[in-house]
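Q: Please find one structure pasted underneath; my questions will follow.
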Amino acid sequence: MTSSYLILATLAMAGVTFITRAIPALTPKKLLDKPWLHRLNESLPLSVLVLLILTSLSYSGLSADTGLNSTELHLLLAQIGALLLVLLIYHVSRQLLVSMIAGIAAINGLLWLLNTFLG
């Protein structure tokens, strides 16, 4: 990779970031005042959060043929528990940052509990 390639790639990323941030500000208000856009704006953060968490679930070693590895089972149970807690907290508070922090704390706490008591 040459330095000119890195500079062009950085400029391209900056341009795409700027365009995606500028489009809502430059779009006329009457186009943005649609009911379906308001519903999308309300449901999109939770949808993105669920998709990110579901794609990160670790269940590759869990199958009936090979048997259940307790470490992987504990990880999967902790992830599912943390996901449910995140969904509940976000549904109640509508605060994405609070629900993310609670999810991180929950997954670590659940992993500790499962490994300590179920060993």
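All residue names refer to the structure tokens as shown: chains lettered A, B, ... in order, residues numbered from 1 in each chain, ligands numbered from 1 in order.
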Mind listing the alpha helix (DSSP H) residues of segment 17-108 of chain A, per DSSP on the backbone, as a ChimeraX atom specification?
A: /A:17-26,29-32,35-56,70-93,96-108
Q: Do a neighbour search on segment 103-109 of chain A at 9 Å with only C-alpha atoms, toss out local chain neighbours closer than 5 positions, and write the hits as number ranges by chain.
A: A: 75, 78-86, 98, 114
Q: Keeping only N, CA and C atoms, write those residues as a short mmCIF file (atom, residue, chain, number, x, y, z; two decimals), in the first residue's frame.
A:
```
data_model
loop_
_atom_site.label_atom_id
_atom_site.label_comp_id
_atom_site.auth_asym_id
_atom_site.auth_seq_id
_atom_site.Cartn_x
_atom_site.Cartn_y
_atom_site.Cartn_z
N LEU A 75 -21.38 -19.46 27.77
CA LEU A 75 -21.27 -18.23 26.98
C LEU A 75 -22.59 -17.94 26.26
N ALA A 78 -25.23 -16.82 28.79
CA ALA A 78 -24.95 -15.46 29.25
C ALA A 78 -25.31 -14.44 28.17
N GLN A 79 -25.01 -14.75 26.92
CA GLN A 79 -25.34 -13.83 25.83
C GLN A 79 -26.85 -13.68 25.67
N ILE A 80 -27.58 -14.78 25.77
CA ILE A 80 -29.03 -14.70 25.65
C ILE A 80 -29.63 -13.92 26.82
N GLY A 81 -29.12 -14.18 28.02
CA GLY A 81 -29.60 -13.43 29.19
C GLY A 81 -29.32 -11.95 29.07
N ALA A 82 -28.12 -11.60 28.62
CA ALA A 82 -27.76 -10.19 28.44
C ALA A 82 -28.62 -9.56 27.35
N LEU A 83 -28.89 -10.29 26.29
CA LEU A 83 -29.74 -9.77 25.22
C LEU A 83 -31.14 -9.47 25.73
N LEU A 84 -31.70 -10.38 26.51
CA LEU A 84 -33.04 -10.15 27.05
C LEU A 84 -33.06 -8.94 27.98
N LEU A 85 -32.01 -8.80 28.80
CA LEU A 85 -31.93 -7.65 29.69
C LEU A 85 -31.81 -6.34 28.91
N VAL A 86 -30.99 -6.35 27.87
CA VAL A 86 -30.83 -5.15 27.03
C VAL A 86 -32.16 -4.77 26.39
N VAL A 98 -27.61 3.45 28.04
CA VAL A 98 -27.89 2.77 29.31
C VAL A 98 -28.08 1.27 29.08
N LEU A 114 -22.33 -18.18 36.09
CA LEU A 114 -22.41 -19.51 35.50
C LEU A 114 -21.12 -20.30 35.72
#
```
Q: Quick one: of A:Leu76, A:Leu6, A:Leu40, A:Ile23, who's nearest to Ser56 of chain A, counting only C-alpha atoms?
A: A:Leu76
Q: Report, in Å to a single decimal, how far apart atom CA of Val48 of chain A and atom CA of Leu32 of chain A are.
A: 20.7 Å
Q: So how many Å separate atom CA of Asn115 of chain A and atom CA of Thr55 of chain A, to one decimal?
A: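 Interatomic distance, atom CA of Asn115 of chain A to atom CA of Thr55 of chain A: 23.4 Å.
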Q: Check the smallest atom-to-atom distance from each of A:Ala102, A:Phe117, A:Leu51, A:Val92 to His74 of chain A using only C-alpha atoms, then report the winner.
A: A:Phe117
Q: Extract, using only C-alpha atoms, all DNA, RNA and protein residues at most 12 Å from segment 93-96 of chain A, discarding same-chain residues fewer than 2 positions from it, and format them as a list in words.
A: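 Counting only C-alpha atoms, the residues come to Glu42, Ser43, Leu44, Pro45, Leu46, Ser47, Val48, Leu49, Val50, Leu85, Val86, Leu87, Leu88, Ile89, Tyr90, His91, Val98, Ser99, Met100, Ile101, Ala102 and Gly103 of chain A.
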Q: Please produce a file of those selected residues containing N, CA and C atoms, as a PDB file, in the first residue's frame.
A:
```pdb
ATOM      1  N   GLU A  42     -38.242   5.603  15.287  1.00  0.00           N
ATOM      2  CA  GLU A  42     -38.481   5.073  16.630  1.00  0.00           C
ATOM      3  C   GLU A  42     -38.000   3.634  16.766  1.00  0.00           C
ATOM      4  N   SER A  43     -38.125   2.833  15.709  1.00  0.00           N
ATOM      5  CA  SER A  43     -37.807   1.410  15.823  1.00  0.00           C
ATOM      6  C   SER A  43     -36.406   1.038  15.357  1.00  0.00           C
ATOM      7  N   LEU A  44     -35.738   1.894  14.638  1.00  0.00           N
ATOM      8  CA  LEU A  44     -34.441   1.544  14.075  1.00  0.00           C
ATOM      9  C   LEU A  44     -33.347   1.284  15.109  1.00  0.00           C
ATOM     10  N   PRO A  45     -33.195   2.092  16.158  1.00  0.00           N
ATOM     11  CA  PRO A  45     -32.115   1.795  17.106  1.00  0.00           C
ATOM     12  C   PRO A  45     -32.238   0.423  17.750  1.00  0.00           C
ATOM     13  N   LEU A  46     -33.429   0.038  18.144  1.00  0.00           N
ATOM     14  CA  LEU A  46     -33.618  -1.269  18.754  1.00  0.00           C
ATOM     15  C   LEU A  46     -33.375  -2.378  17.737  1.00  0.00           C
ATOM     16  N   SER A  47     -33.806  -2.190  16.509  1.00  0.00           N
ATOM     17  CA  SER A  47     -33.598  -3.199  15.473  1.00  0.00           C
ATOM     18  C   SER A  47     -32.117  -3.415  15.195  1.00  0.00           C
ATOM     19  N   VAL A  48     -31.379  -2.341  15.090  1.00  0.00           N
ATOM     20  CA  VAL A  48     -29.938  -2.445  14.848  1.00  0.00           C
ATOM     21  C   VAL A  48     -29.252  -3.121  16.021  1.00  0.00           C
ATOM     22  N   LEU A  49     -29.639  -2.770  17.231  1.00  0.00           N
ATOM     23  CA  LEU A  49     -29.052  -3.372  18.422  1.00  0.00           C
ATOM     24  C   LEU A  49     -29.321  -4.872  18.459  1.00  0.00           C
ATOM     25  N   VAL A  50     -30.533  -5.284  18.149  1.00  0.00           N
ATOM     26  CA  VAL A  50     -30.871  -6.711  18.151  1.00  0.00           C
ATOM     27  C   VAL A  50     -30.071  -7.442  17.080  1.00  0.00           C
ATOM     28  N   LEU A  85     -32.007  -8.799  28.796  1.00  0.00           N
ATOM     29  CA  LEU A  85     -31.927  -7.651  29.690  1.00  0.00           C
ATOM     30  C   LEU A  85     -31.805  -6.338  28.910  1.00  0.00           C
ATOM     31  N   VAL A  86     -30.988  -6.347  27.866  1.00  0.00           N
ATOM     32  CA  VAL A  86     -30.829  -5.150  27.035  1.00  0.00           C
ATOM     33  C   VAL A  86     -32.158  -4.769  26.389  1.00  0.00           C
ATOM     34  N   LEU A  87     -32.863  -5.758  25.853  1.00  0.00           N
ATOM     35  CA  LEU A  87     -34.153  -5.475  25.232  1.00  0.00           C
ATOM     36  C   LEU A  87     -35.144  -4.909  26.241  1.00  0.00           C
ATOM     37  N   LEU A  88     -35.170  -5.480  27.434  1.00  0.00           N
ATOM     38  CA  LEU A  88     -36.081  -5.000  28.465  1.00  0.00           C
ATOM     39  C   LEU A  88     -35.747  -3.570  28.895  1.00  0.00           C
ATOM     40  N   ILE A  89     -34.467  -3.312  29.153  1.00  0.00           N
ATOM     41  CA  ILE A  89     -34.073  -1.979  29.601  1.00  0.00           C
ATOM     42  C   ILE A  89     -34.307  -0.943  28.509  1.00  0.00           C
ATOM     43  N   TYR A  90     -34.015  -1.302  27.254  1.00  0.00           N
ATOM     44  CA  TYR A  90     -34.251  -0.342  26.176  1.00  0.00           C
ATOM     45  C   TYR A  90     -35.749  -0.090  26.007  1.00  0.00           C
ATOM     46  N   HIS A  91     -36.551  -1.136  26.131  1.00  0.00           N
ATOM     47  CA  HIS A  91     -38.005  -0.970  25.982  1.00  0.00           C
ATOM     48  C   HIS A  91     -38.566  -0.048  27.062  1.00  0.00           C
ATOM     49  N   VAL A  98     -27.615   3.450  28.041  1.00  0.00           N
ATOM     50  CA  VAL A  98     -27.889   2.769  29.312  1.00  0.00           C
ATOM     51  C   VAL A  98     -28.084   1.274  29.076  1.00  0.00           C
ATOM     52  N   SER A  99     -28.826   0.915  28.040  1.00  0.00           N
ATOM     53  CA  SER A  99     -29.064  -0.500  27.775  1.00  0.00           C
ATOM     54  C   SER A  99     -27.785  -1.210  27.330  1.00  0.00           C
ATOM     55  N   MET A 100     -26.911  -0.522  26.600  1.00  0.00           N
ATOM     56  CA  MET A 100     -25.643  -1.136  26.197  1.00  0.00           C
ATOM     57  C   MET A 100     -24.744  -1.371  27.409  1.00  0.00           C
ATOM     58  N   ILE A 101     -24.673  -0.411  28.303  1.00  0.00           N
ATOM     59  CA  ILE A 101     -23.854  -0.564  29.508  1.00  0.00           C
ATOM     60  C   ILE A 101     -24.412  -1.701  30.369  1.00  0.00           C
ATOM     61  N   ALA A 102     -25.729  -1.761  30.494  1.00  0.00           N
ATOM     62  CA  ALA A 102     -26.343  -2.844  31.262  1.00  0.00           C
ATOM     63  C   ALA A 102     -26.069  -4.197  30.617  1.00  0.00           C
ATOM     64  N   GLY A 103     -26.069  -4.258  29.298  1.00  0.00           N
ATOM     65  CA  GLY A 103     -25.784  -5.507  28.601  1.00  0.00           C
ATOM     66  C   GLY A 103     -24.361  -5.983  28.819  1.00  0.00           C
TER      67      GLY A 103
END
```
Q: What is the atom CA of Thr116 of chain A to atom CA of Glu72 of chain A distance in Å?
A: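 These atoms are spaced 14.7 Å apart.
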